[in-house]
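Below is input30.cif, which holds mmCIF, C-alpha atoms and all ligand atoms.
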```cif
data_work
#
loop_
_atom_site.label_atom_id
_atom_site.label_comp_id
_atom_site.auth_asym_id
_atom_site.auth_seq_id
_atom_site.Cartn_x
_atom_site.Cartn_y
_atom_site.Cartn_z
CA MET A 1483 -77.77 85.27 24.55
CA SER A 1484 -80.11 84.59 21.75
CA LYS A 1485 -83.42 86.29 21.71
CA PHE A 1486 -85.86 83.64 22.56
CA PRO A 1487 -89.57 84.22 22.41
CA TRP A 1488 -89.89 84.42 26.11
CA LYS A 1489 -92.88 86.65 25.89
CA THR A 1490 -94.92 83.59 25.39
CA THR A 1491 -92.72 81.25 27.20
CA ILE A 1492 -93.17 81.89 30.77
CA ALA A 1493 -92.07 80.90 34.03
CA VAL A 1494 -93.69 78.87 36.63
CA ALA A 1495 -90.38 77.32 37.06
CA ALA A 1496 -90.66 75.47 40.25
CA GLY A 1497 -94.13 74.17 39.68
CA PHE A 1498 -93.07 72.81 36.41
CA ALA A 1499 -89.91 71.35 37.71
CA ALA A 1500 -91.67 69.74 40.61
CA THR A 1501 -94.32 68.22 38.42
CA ILE A 1502 -91.95 66.81 35.87
CA TYR A 1503 -89.58 65.74 38.57
CA ALA A 1504 -92.28 63.84 40.33
CA TYR A 1505 -93.37 62.39 37.08
CA ALA A 1506 -89.91 61.38 36.03
CA GLN A 1507 -89.42 59.63 39.29
CA ALA A 1508 -92.76 57.97 39.17
CA PRO A 1509 -91.56 54.42 39.09
CA SER A 1510 -89.24 54.83 42.02
CA GLY A 1511 -90.92 52.33 44.25
CA GLY A 1512 -92.12 49.98 41.63
CA PRO A 1513 -90.65 46.66 40.81
CA ILE A 1514 -87.83 47.37 38.46
CA GLY A 1515 -88.52 50.23 36.12
CA ARG A 1516 -91.42 48.76 34.26
CA HIS A 1517 -91.69 52.03 32.52
CA GLY A 1518 -89.15 54.72 32.16
CA PRO A 1519 -89.43 58.36 33.01
CA MET A 1520 -92.07 58.89 30.39
CA ALA A 1521 -94.02 57.19 27.74
CA GLN A 1522 -91.51 54.54 26.86
CA ASP A 1523 -94.38 52.21 26.36
CA GLY A 1524 -95.11 54.16 23.25
CA SER A 1525 -98.32 55.57 24.62
CA ASP A 1526 -99.42 59.05 23.98
CA GLY A 1527 -97.28 61.75 22.57
CA SER A 1528 -99.78 64.45 23.25
CA MET A 1529 -98.53 66.94 25.76
CA ALA A 1530 -102.06 68.10 26.35
CA GLN A 1531 -103.21 64.65 27.29
CA MET A 1532 -100.17 64.04 29.35
CA HIS A 1533 -100.56 67.32 31.13
CA GLN A 1534 -104.17 66.54 31.82
CA ARG A 1535 -103.26 63.23 33.30
CA MET A 1536 -100.59 64.78 35.42
CA MET A 1537 -103.07 67.27 36.73
CA GLN A 1538 -105.43 64.44 37.55
CA GLY A 1539 -102.68 62.56 39.26
CA GLN A 1540 -102.92 59.72 36.83
CA MET A 1541 -100.15 57.73 35.33
CA PRO A 1542 -99.16 57.25 31.75
CA GLU A 1543 -100.92 54.49 29.95
CA GLY A 1544 -99.35 51.16 30.56
CA CYS A 1545 -98.23 52.00 34.04
CA THR A 1546 -99.43 50.03 36.95
CA GLY A 1547 -100.76 51.56 40.05
CA GLN A 1548 -97.68 51.60 42.12
CA SER A 1549 -95.71 54.13 40.27
CA MET A 1550 -96.97 57.57 41.15
CA HIS A 1551 -96.94 56.95 44.84
CA GLY A 1552 -94.82 53.89 44.64
CA GLY A 1553 -92.53 54.97 47.40
CA MET A 1554 -95.25 54.29 49.89
CA GLN A 1555 -96.84 51.33 48.22
CA GLY A 1556 -95.89 48.17 46.44
CA GLY A 1557 -92.18 48.27 46.49
CA THR A 1558 -91.80 49.43 50.02
CA GLY A 1559 -90.49 46.95 52.50
CA MET A 1560 -91.57 46.45 56.08
CA HIS A 1561 -89.23 49.04 57.37
CA GLY A 1562 -89.78 51.47 54.59
CA GLN A 1563 -86.84 50.51 52.42
CA ARG A 1564 -87.49 50.67 48.72
CA THR A 1565 -87.14 47.63 46.59
CA LEU A 1566 -84.31 48.56 44.28
CA GLY A 1567 -84.19 47.38 40.75
CA ALA A 1568 -83.19 49.06 37.52
CA PRO A 1569 -82.38 52.70 38.19
CA THR A 1570 -84.87 55.30 37.09
CA MET A 1571 -83.35 58.59 38.22
CA PRO A 1572 -82.26 60.67 35.22
CA GLY A 1573 -79.48 62.39 37.17
CA GLN A 1574 -80.72 65.96 37.04
CA ASP A 1575 -84.12 67.51 36.63
CA ALA A 1576 -83.12 69.36 33.47
CA PHE A 1577 -81.57 66.22 32.02
CA GLY A 1578 -84.72 64.27 32.81
CA THR A 1579 -86.90 67.01 31.35
CA ILE A 1580 -85.02 66.89 28.05
CA GLN A 1581 -85.00 63.11 28.08
CA GLU A 1582 -88.76 63.07 28.51
CA ILE A 1583 -89.30 65.58 25.72
CA VAL A 1584 -87.05 63.62 23.35
CA GLN A 1585 -88.99 60.46 24.17
CA ILE A 1586 -92.26 62.24 23.45
CA LEU A 1587 -90.91 63.48 20.12
CA GLN A 1588 -89.64 60.01 19.26
CA THR A 1589 -92.97 58.38 19.95
CA ASP A 1590 -94.88 60.96 17.91
CA PRO A 1591 -94.86 59.99 14.24
CA ALA A 1592 -95.81 63.58 13.40
CA THR A 1593 -92.58 64.98 14.80
CA ASP A 1594 -90.88 67.18 12.23
CA TRP A 1595 -87.21 66.59 12.96
CA SER A 1596 -86.20 69.40 10.62
CA LYS A 1597 -87.72 71.81 13.15
CA VAL A 1598 -86.81 70.16 16.43
CA ASN A 1599 -84.59 72.38 18.57
CA ILE A 1600 -83.41 70.72 21.74
CA ALA A 1601 -80.64 73.28 22.13
CA ALA A 1602 -83.27 76.00 22.58
CA LEU A 1603 -85.01 73.98 25.27
CA ARG A 1604 -81.68 73.47 27.00
CA GLN A 1605 -81.02 77.22 27.04
CA HIS A 1606 -84.44 77.78 28.55
CA LEU A 1607 -83.82 75.19 31.24
CA ILE A 1608 -80.55 76.95 32.04
CA ASP A 1609 -82.57 80.17 32.37
CA MET A 1610 -84.94 78.42 34.73
CA ASN A 1611 -82.03 77.20 36.81
CA GLU A 1612 -80.52 80.67 37.01
CA VAL A 1613 -83.79 82.34 37.96
CA THR A 1614 -84.88 79.64 40.39
CA LEU A 1615 -81.59 79.04 42.15
CA LYS A 1616 -79.32 82.01 41.64
CA ALA A 1617 -81.32 85.21 41.30
CA THR A 1618 -81.49 87.48 44.32
CA ALA A 1619 -85.06 88.41 45.25
CA VAL A 1620 -85.69 91.21 47.71
CA GLU A 1621 -89.35 91.42 48.63
CA ARG A 1622 -90.99 94.48 50.09
CA ALA A 1623 -94.58 94.74 51.27
CA LEU A 1624 -96.61 97.65 49.99
CA ASP A 1625 -99.91 98.78 51.47
CA TYR A 1626 -101.90 96.75 48.98
CA GLY A 1627 -99.39 94.59 47.30
CA ILE A 1628 -95.86 93.34 47.08
CA GLU A 1629 -92.81 94.59 45.24
CA ILE A 1630 -89.91 92.31 44.41
CA ALA A 1631 -86.51 93.33 43.08
CA VAL A 1632 -85.05 90.38 41.22
CA THR A 1633 -81.38 90.90 40.45
CA GLY A 1634 -78.25 89.10 39.39
CA ASP A 1635 -75.27 89.34 37.09
CA GLY A 1636 -73.99 87.70 33.95
CA ARG A 1637 -75.90 84.63 32.90
CA THR A 1638 -78.31 85.06 35.79
CA LEU A 1639 -79.17 88.59 34.71
CA GLU A 1640 -79.82 87.44 31.15
CA ALA A 1641 -82.19 84.79 32.45
CA ILE A 1642 -83.99 87.27 34.70
CA LYS A 1643 -84.52 89.66 31.80
CA ARG A 1644 -85.96 86.91 29.65
CA MET A 1645 -88.11 85.08 32.13
CA VAL A 1646 -89.42 87.53 34.67
CA PRO A 1647 -91.14 90.14 32.45
CA ALA A 1648 -92.55 87.32 30.32
CA HIS A 1649 -93.99 85.69 33.40
CA VAL A 1650 -95.55 88.92 34.56
CA THR A 1651 -97.26 89.20 31.17
CA GLU A 1652 -98.65 85.71 31.70
CA LEU A 1653 -99.85 86.67 35.16
CA ARG A 1654 -101.79 89.57 33.70
CA GLU A 1655 -103.35 87.21 31.20
CA ILE A 1656 -104.72 85.11 34.04
CA GLY A 1657 -106.12 88.18 35.74
CA TRP A 1658 -103.41 89.32 38.11
CA ASN A 1659 -102.74 92.98 38.70
CA ALA A 1660 -99.02 92.73 38.03
CA LYS A 1661 -96.35 94.72 36.25
CA SER A 1662 -92.63 94.59 35.73
CA GLU A 1663 -90.06 97.26 35.13
CA ASP A 1664 -86.39 97.13 34.26
CA LEU A 1665 -83.71 97.68 36.85
CA PRO A 1666 -80.06 98.17 35.92
CA ASN A 1667 -79.24 94.72 37.25
CA GLY A 1668 -82.57 92.97 37.03
CA VAL A 1669 -86.31 93.41 36.99
CA LYS A 1670 -88.75 94.77 39.53
CA ILE A 1671 -92.10 93.03 39.86
CA THR A 1672 -95.09 94.69 41.47
CA VAL A 1673 -98.19 92.64 42.24
CA MET A 1674 -101.25 94.27 43.76
CA ALA A 1675 -103.56 92.31 46.03
CA SER A 1676 -107.09 91.40 44.99
CA ASP A 1677 -109.95 89.28 46.26
CA ALA A 1678 -108.47 86.32 44.47
CA GLN A 1679 -104.90 87.11 45.52
CA PRO A 1680 -105.07 88.66 48.96
CA LEU A 1681 -102.07 90.42 50.42
CA ALA A 1682 -101.30 87.70 52.96
CA LYS A 1683 -101.12 85.19 50.14
CA LEU A 1684 -98.85 87.35 48.00
CA LYS A 1685 -96.50 87.85 50.93
CA ALA A 1686 -96.48 84.14 51.60
CA LEU A 1687 -95.84 83.25 47.98
CA GLY A 1688 -93.02 85.71 47.49
CA PHE A 1689 -90.92 85.69 44.36
CA MET A 1690 -90.79 82.01 43.57
CA GLY A 1691 -94.34 81.30 44.60
CA ILE A 1692 -95.47 83.98 42.21
CA MET A 1693 -93.18 82.66 39.48
CA VAL A 1694 -94.76 79.23 39.60
CA GLU A 1695 -98.29 80.55 39.23
CA GLY A 1696 -99.88 79.55 35.99
CA GLY A 1697 -98.44 76.32 34.72
CA HIS A 1698 -97.24 77.15 31.25
CA HIS A 1699 -93.86 75.55 31.29
CA GLN A 1700 -94.68 71.97 30.46
CA PRO A 1701 -96.54 72.68 27.21
CA HIS A 1702 -94.12 75.48 26.37
CA HIS A 1703 -91.15 73.18 26.72
CA LEU A 1704 -92.59 70.78 24.21
CA MET A 1705 -93.36 73.64 21.83
CA MET A 1706 -89.83 74.95 22.20
CA ALA A 1707 -88.37 71.55 21.48
CA LYS A 1708 -90.58 71.27 18.40
CA GLY A 1709 -89.33 74.63 17.18
CA GLU A 1710 -92.85 76.01 17.34
CA PHE A 1711 -91.98 79.25 19.08
CA PRO A 1712 -91.25 81.94 16.53
CA MET A 1713 -87.80 83.44 17.00
CA HIS A 1714 -87.75 87.17 17.15
CU CU B 1801 -89.70 76.49 31.55
#
```

Is it possible to express this structure as structure tokens?
Amino acid sequence: MSKFPWKTTIAVAAGFAATIYAYAQAPSGGPIGRHGPMAQDGSDGSMAQMHQRMMQGQMPEGCTGQSMHGGMQGGTGMHGQRTLGAPTMPGQDAFGTIQEIVQILQTDPATDWSKVNIAALRQHLIDMNEVTLKATAVERALDYGIEIAVTGDGRTLEAIKRMVPAHVTELREIGWNAKSEDLPNGVKITVMASDAQPLAKLKALGFMGIMVEGGHHQPHHLMMAKGEFPMH
């Protein structure tokens, strides 16, 4: 596989996926897809702003109040059935993620199409799928931390080698006492407990909970699509 700049591209797979997934489905209960998965109303284009709104639980501009929690509001019938209108589901989370990014790029007049690289984003989303759904994670409690052997073969192993060490680097940047080392068929992560990350929490989080810490994927995906990650 190509060498992608995963050092700066880190994980947080599930958190990302969940956020975008929720976002993409936002209009599910509303009256007939008044807005698509993302800023089809032409609003925004700034990932930073969008991310901020997502974190605040707000909707894209132009959306009405029923979307984010629409399933339980507006379009819900007496017995809980949704009011169905135009479909909004993109089909797959990765498909919806790319669709959203393309829409953002299309609504941003500053997009430099000579640099846009959707294929790179797709490869990263395949990595995320492999690591999230197919990697084997064997967790072992240490006296003051947790050790996780993350292994796989073929495409899964490639994804582990790209994503896991890069994520551990990101964890260190946010203050975690974490390290990774190569295994023949994967990567071993060691995370030591701290006041902020007590042992019980690390054990509870386990591999995927630790992988979603941070929240770098959304902005990184847009950067990848824009071709703004240096290849190395
Ligand atoms: Cu990602």

Handout entry: Within 10 Å of Leu1704 (chain A) using only C-alpha atoms, minus same-chain residues under 5 positions, as a ChimeraX atom specification
Key = /A:1528-1529,1579-1580,1582-1584,1586-1587,1598-1600,1603,1699,1709-1711

Problem - Atomic separation - CA of Glu1612 (chain A) relative to CA of Arg1637 (chain A), Å - result: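 We find that CA of Arg1637 (chain A) and CA of Glu1612 (chain A) lie 7.3 Å from each other.
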
Exercise for the section: Counting all atoms listed in the file, figure out which residue out of A:Pro1569, A:Gly1578, A:Pro1647, A:Pro1591 gets nearest to Glu1663 (chain A). Expected result: A:Pro1647

Handout entry: Two-atom distance - CA of Glu1695 (chain A), CA of Arg1654 (chain A) (Å)
Key =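 It comes out at 11.1 Å.
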
Exercise for the section: Between CA of Ala1686 (chain A) and CA of Asn1659 (chain A), measure the distance and give it in Å to one decimal. Expected result: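 Separating CA of Ala1686 (chain A) from CA of Asn1659 (chain A) is a distance of 16.8 Å.
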
Practice task
Taking (-74.4, 88.6, 36.7) in the file's own coordinates, collect the residues within 12 Å, counting only C-alpha atoms, and hand them back as an MDAnalysis selection string.
Solution key: chainID A and resid 1612:1613 1616:1618 1632:1643 1666:1668

Practice task
Kindly indicate which residue among A:Leu1624, A:Ala1576, A:Ala1707, A:Val1669 lies nearest to Leu1684 (chain A), using all atoms listed in the file for the distances.
Solution key: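 Answer, going by the shortest atom-to-atom distance: A:Leu1624.
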